[in-house]
Amino acid sequence: MSNFTPLAALCGGMLIGLSASAMLLLDGKIAGISGILSGVLKPVRGDTIWHVCFLAGLLVGGLLLRVFLPRAFDFGIIRPFPLLIIAGLLVGFGARLGSGCTSGHGVCGISRLSPRSLVATGTFIFTGALVVYLVNHLR
């Protein structure tokens, strides 16, 4: 990874932590993307608009980054597209199975010292490392 910038990574991490903390402290909601997406796919009356706005903000933020800093997207994807689709579906299945994703458990759950989130995040990291090893070395 030749474009790693520790300062940008630190600032990004701080912004993620601050926004997740603000959402929890000010509105009592967890900034877990899989739960927020689930709230759009299975809407609850009176609780849908913020889910849509949150997801729209993620998309608009990515589009703005693409417009104002296009070199942030200069990286190569070395896996076939069908494999990426399968991987994405497996991640989605795992998020449902684990009752949350890395943002909900890893960012919000660990900061609340949730034992379930500590186990879930450890499982995410271990499984991810194992899959990368298997795909890169045994394939």
# chains A, B, ... in the order shown; residues from 1 in each chain; ligands from 1
$ residues_around --residues "range 10-23 of chain A" --least-positions-apart "2" --cutoff "10 Å" --atoms "only C-alpha atoms" --output "PDB file with all heavy atoms, in the first residue's frame"
ATOM      1  N   THR A   5      -1.148   7.211   4.452  1.00  0.00           N
ATOM      2  CA  THR A   5      -0.779   8.457   5.124  1.00  0.00           C
ATOM      3  C   THR A   5      -1.293   8.392   6.556  1.00  0.00           C
ATOM      4  O   THR A   5      -2.496   8.461   6.799  1.00  0.00           O
ATOM      5  CB  THR A   5      -1.386   9.674   4.398  1.00  0.00           C
ATOM      6  OG1 THR A   5      -2.790   9.480   4.286  1.00  0.00           O
ATOM      7  CG2 THR A   5      -0.794   9.852   3.012  1.00  0.00           C
ATOM      8  N   PRO A   6      -0.393   8.234   7.506  1.00  0.00           N
ATOM      9  CA  PRO A   6      -0.814   8.077   8.909  1.00  0.00           C
ATOM     10  C   PRO A   6      -1.657   9.239   9.425  1.00  0.00           C
ATOM     11  O   PRO A   6      -2.599   9.021  10.173  1.00  0.00           O
ATOM     12  CB  PRO A   6       0.504   7.980   9.679  1.00  0.00           C
ATOM     13  CG  PRO A   6       1.516   7.576   8.666  1.00  0.00           C
ATOM     14  CD  PRO A   6       1.055   8.131   7.352  1.00  0.00           C
ATOM     15  N   LEU A   7      -1.350  10.452   9.009  1.00  0.00           N
ATOM     16  CA  LEU A   7      -2.119  11.596   9.500  1.00  0.00           C
ATOM     17  C   LEU A   7      -3.561  11.546   8.995  1.00  0.00           C
ATOM     18  O   LEU A   7      -4.505  11.765   9.765  1.00  0.00           O
ATOM     19  CB  LEU A   7      -1.451  12.904   9.072  1.00  0.00           C
ATOM     20  CG  LEU A   7      -2.108  14.175   9.613  1.00  0.00           C
ATOM     21  CD1 LEU A   7      -2.137  14.174  11.139  1.00  0.00           C
ATOM     22  CD2 LEU A   7      -1.395  15.401   9.089  1.00  0.00           C
ATOM     23  N   ALA A   8      -3.740  11.223   7.722  1.00  0.00           N
ATOM     24  CA  ALA A   8      -5.091  11.113   7.173  1.00  0.00           C
ATOM     25  C   ALA A   8      -5.849   9.972   7.852  1.00  0.00           C
ATOM     26  O   ALA A   8      -7.036  10.095   8.159  1.00  0.00           O
ATOM     27  CB  ALA A   8      -5.041  10.898   5.659  1.00  0.00           C
ATOM     28  N   LEU A  25     -24.554   9.592  21.973  1.00  0.00           N
ATOM     29  CA  LEU A  25     -24.825  10.503  23.090  1.00  0.00           C
ATOM     30  C   LEU A  25     -26.024  11.421  22.837  1.00  0.00           C
ATOM     31  O   LEU A  25     -26.806  11.690  23.747  1.00  0.00           O
ATOM     32  CB  LEU A  25     -23.588  11.356  23.378  1.00  0.00           C
ATOM     33  CG  LEU A  25     -22.402  10.609  23.974  1.00  0.00           C
ATOM     34  CD1 LEU A  25     -21.177  11.519  24.024  1.00  0.00           C
ATOM     35  CD2 LEU A  25     -22.741  10.080  25.358  1.00  0.00           C
ATOM     36  N   LEU A  26     -26.166  11.900  21.608  1.00  0.00           N
ATOM     37  CA  LEU A  26     -27.214  12.878  21.319  1.00  0.00           C
ATOM     38  C   LEU A  26     -28.553  12.256  20.946  1.00  0.00           C
ATOM     39  O   LEU A  26     -29.599  12.867  21.154  1.00  0.00           O
ATOM     40  CB  LEU A  26     -26.757  13.823  20.203  1.00  0.00           C
ATOM     41  CG  LEU A  26     -25.506  14.641  20.514  1.00  0.00           C
ATOM     42  CD1 LEU A  26     -25.076  15.450  19.298  1.00  0.00           C
ATOM     43  CD2 LEU A  26     -25.733  15.533  21.726  1.00  0.00           C
ATOM     44  N   ASP A  27     -28.503  11.034  20.378  1.00  0.00           N
ATOM     45  CA  ASP A  27     -29.765  10.451  19.914  1.00  0.00           C
ATOM     46  C   ASP A  27     -29.980   9.025  20.417  1.00  0.00           C
ATOM     47  O   ASP A  27     -31.013   8.417  20.137  1.00  0.00           O
ATOM     48  CB  ASP A  27     -29.797  10.483  18.378  1.00  0.00           C
ATOM     49  CG  ASP A  27     -31.202  10.472  17.820  1.00  0.00           C
ATOM     50  OD1 ASP A  27     -32.142  10.773  18.584  1.00  0.00           O
ATOM     51  OD2 ASP A  27     -31.367  10.152  16.637  1.00  0.00           O
ATOM     52  N   GLY A  28     -28.972   8.454  21.091  1.00  0.00           N
ATOM     53  CA  GLY A  28     -29.115   7.111  21.640  1.00  0.00           C
ATOM     54  C   GLY A  28     -29.112   6.007  20.596  1.00  0.00           C
ATOM     55  O   GLY A  28     -29.593   4.912  20.850  1.00  0.00           O
ATOM     56  N   LYS A  29     -28.572   6.295  19.421  1.00  0.00           N
ATOM     57  CA  LYS A  29     -28.577   5.318  18.335  1.00  0.00           C
ATOM     58  C   LYS A  29     -27.155   4.847  18.037  1.00  0.00           C
ATOM     59  O   LYS A  29     -26.201   5.600  18.155  1.00  0.00           O
ATOM     60  CB  LYS A  29     -29.201   5.915  17.077  1.00  0.00           C
ATOM     61  CG  LYS A  29     -30.649   6.328  17.302  1.00  0.00           C
ATOM     62  CD  LYS A  29     -31.348   6.620  16.017  1.00  0.00           C
ATOM     63  CE  LYS A  29     -32.755   7.097  16.165  1.00  0.00           C
ATOM     64  NZ  LYS A  29     -33.587   6.569  17.153  1.00  0.00           N
ATOM     65  N   ILE A  30     -27.051   3.585  17.628  1.00  0.00           N
ATOM     66  CA  ILE A  30     -25.770   2.983  17.271  1.00  0.00           C
ATOM     67  C   ILE A  30     -25.514   3.199  15.781  1.00  0.00           C
ATOM     68  O   ILE A  30     -26.391   2.950  14.953  1.00  0.00           O
ATOM     69  CB  ILE A  30     -25.777   1.460  17.580  1.00  0.00           C
ATOM     70  CG1 ILE A  30     -26.006   1.221  19.061  1.00  0.00           C
ATOM     71  CG2 ILE A  30     -24.516   0.792  17.096  1.00  0.00           C
ATOM     72  CD1 ILE A  30     -24.895   1.658  19.968  1.00  0.00           C
ATOM     73  N   ALA A  31     -24.310   3.622  15.446  1.00  0.00           N
ATOM     74  CA  ALA A  31     -23.945   3.881  14.049  1.00  0.00           C
ATOM     75  C   ALA A  31     -23.430   2.601  13.382  1.00  0.00           C
ATOM     76  O   ALA A  31     -22.322   2.552  12.858  1.00  0.00           O
ATOM     77  CB  ALA A  31     -22.890   4.988  13.966  1.00  0.00           C
ATOM     78  N   GLY A  32     -24.251   1.577  13.399  1.00  0.00           N
ATOM     79  CA  GLY A  32     -23.906   0.315  12.740  1.00  0.00           C
ATOM     80  C   GLY A  32     -24.552   0.273  11.365  1.00  0.00           C
ATOM     81  O   GLY A  32     -25.783   0.333  11.251  1.00  0.00           O
ATOM     82  N   SER A 103     -18.792  -1.835  11.981  1.00  0.00           N
ATOM     83  CA  SER A 103     -19.016  -0.477  12.495  1.00  0.00           C
ATOM     84  C   SER A 103     -19.834  -0.511  13.784  1.00  0.00           C
ATOM     85  O   SER A 103     -19.530   0.208  14.731  1.00  0.00           O
ATOM     86  CB  SER A 103     -19.689   0.405  11.440  1.00  0.00           C
ATOM     87  OG  SER A 103     -20.900  -0.162  11.000  1.00  0.00           O
ATOM     88  N   GLY A 104     -20.853  -1.350  13.824  1.00  0.00           N
ATOM     89  CA  GLY A 104     -21.670  -1.435  15.033  1.00  0.00           C
ATOM     90  C   GLY A 104     -20.916  -2.064  16.191  1.00  0.00           C
ATOM     91  O   GLY A 104     -20.899  -1.537  17.305  1.00  0.00           O
ATOM     92  N   VAL A 107     -16.709  -0.279  16.254  1.00  0.00           N
ATOM     93  CA  VAL A 107     -16.580   1.122  16.644  1.00  0.00           C
ATOM     94  C   VAL A 107     -17.442   1.422  17.870  1.00  0.00           C
ATOM     95  O   VAL A 107     -16.956   1.931  18.877  1.00  0.00           O
ATOM     96  CB  VAL A 107     -16.963   2.066  15.476  1.00  0.00           C
ATOM     97  CG1 VAL A 107     -16.952   3.510  15.917  1.00  0.00           C
ATOM     98  CG2 VAL A 107     -16.021   1.865  14.301  1.00  0.00           C
ATOM     99  N   CYS A 108     -18.714   1.078  17.776  1.00  0.00           N
ATOM    100  CA  CYS A 108     -19.645   1.451  18.849  1.00  0.00           C
ATOM    101  C   CYS A 108     -19.627   0.473  20.021  1.00  0.00           C
ATOM    102  O   CYS A 108     -19.647   0.887  21.175  1.00  0.00           O
ATOM    103  CB  CYS A 108     -21.057   1.566  18.281  1.00  0.00           C
ATOM    104  SG  CYS A 108     -21.187   2.785  16.963  1.00  0.00           S
ATOM    105  N   SER A 111     -16.329   0.562  22.173  1.00  0.00           N
ATOM    106  CA  SER A 111     -16.242   1.792  22.962  1.00  0.00           C
ATOM    107  C   SER A 111     -17.168   1.743  24.177  1.00  0.00           C
ATOM    108  O   SER A 111     -16.929   2.433  25.165  1.00  0.00           O
ATOM    109  CB  SER A 111     -16.566   3.011  22.098  1.00  0.00           C
ATOM    110  OG  SER A 111     -17.911   2.981  21.679  1.00  0.00           O
ATOM    111  N   ARG A 112     -18.213   0.905  24.107  1.00  0.00           N
ATOM    112  CA  ARG A 112     -19.118   0.731  25.251  1.00  0.00           C
ATOM    113  C   ARG A 112     -18.703  -0.457  26.121  1.00  0.00           C
ATOM    114  O   ARG A 112     -19.389  -0.821  27.051  1.00  0.00           O
ATOM    115  CB  ARG A 112     -20.559   0.514  24.777  1.00  0.00           C
ATOM    116  CG  ARG A 112     -21.158   1.718  24.095  1.00  0.00           C
ATOM    117  CD  ARG A 112     -22.591   1.493  23.641  1.00  0.00           C
ATOM    118  NE  ARG A 112     -22.669   0.429  22.636  1.00  0.00           N
ATOM    119  CZ  ARG A 112     -23.360  -0.702  22.789  1.00  0.00           C
ATOM    120  NH1 ARG A 112     -24.035  -0.934  23.879  1.00  0.00           N
ATOM    121  NH2 ARG A 112     -23.374  -1.609  21.836  1.00  0.00           N
TER     122      ARG A 112
END
$ select_by_dssp --residues "chain A" --states "helix (DSSP H, G or I)" --output "VMD selection string"
chain A and resid 6 to 27 33 to 41 49 to 68 70 to 73 81 to 97 102 to 111 115 to 137
$ closest_atom_pairs --of "range 14-47 of chain A" --to "range 81-102 of chain A" --cutoff "9 Å" --atoms "only C-alpha atoms" --output "Markdown table"
| residue | atom | partner | partner_atom | distance |
| --- | --- | --- | --- | --- |
| A:Gly32 | CA | A:Cys101 | CA | 6.4 |
| A:Ile33 | CA | A:Cys101 | CA | 6.9 |
| A:Ser34 | CA | A:Cys101 | CA | 5.9 |
| A:Gly35 | CA | A:Gly100 | CA | 6.6 |
$ atom_distance --atom1 "CA of Leu113 in chain A" --atom2 "CA of Ile125 in chain A"
17.2 Å
$ residues_around --residues "Val52 in chain A" --least-positions-apart "6" --cutoff "9 Å" --atoms "only C-alpha atoms" --output "list in words"
Ile36, Leu37, Gly39 and Val40 of chain A
$ atom_distance --atom1 "CA of Arg79 in chain A" --atom2 "CA of Leu65 in chain A"
23.8 Å
$ closest_residue --among "A:Phe73, A:Pro80, A:Gly106, A:Arg45" --to "Thr121 in chain A" --atoms "only C-alpha atoms"
A:Gly106
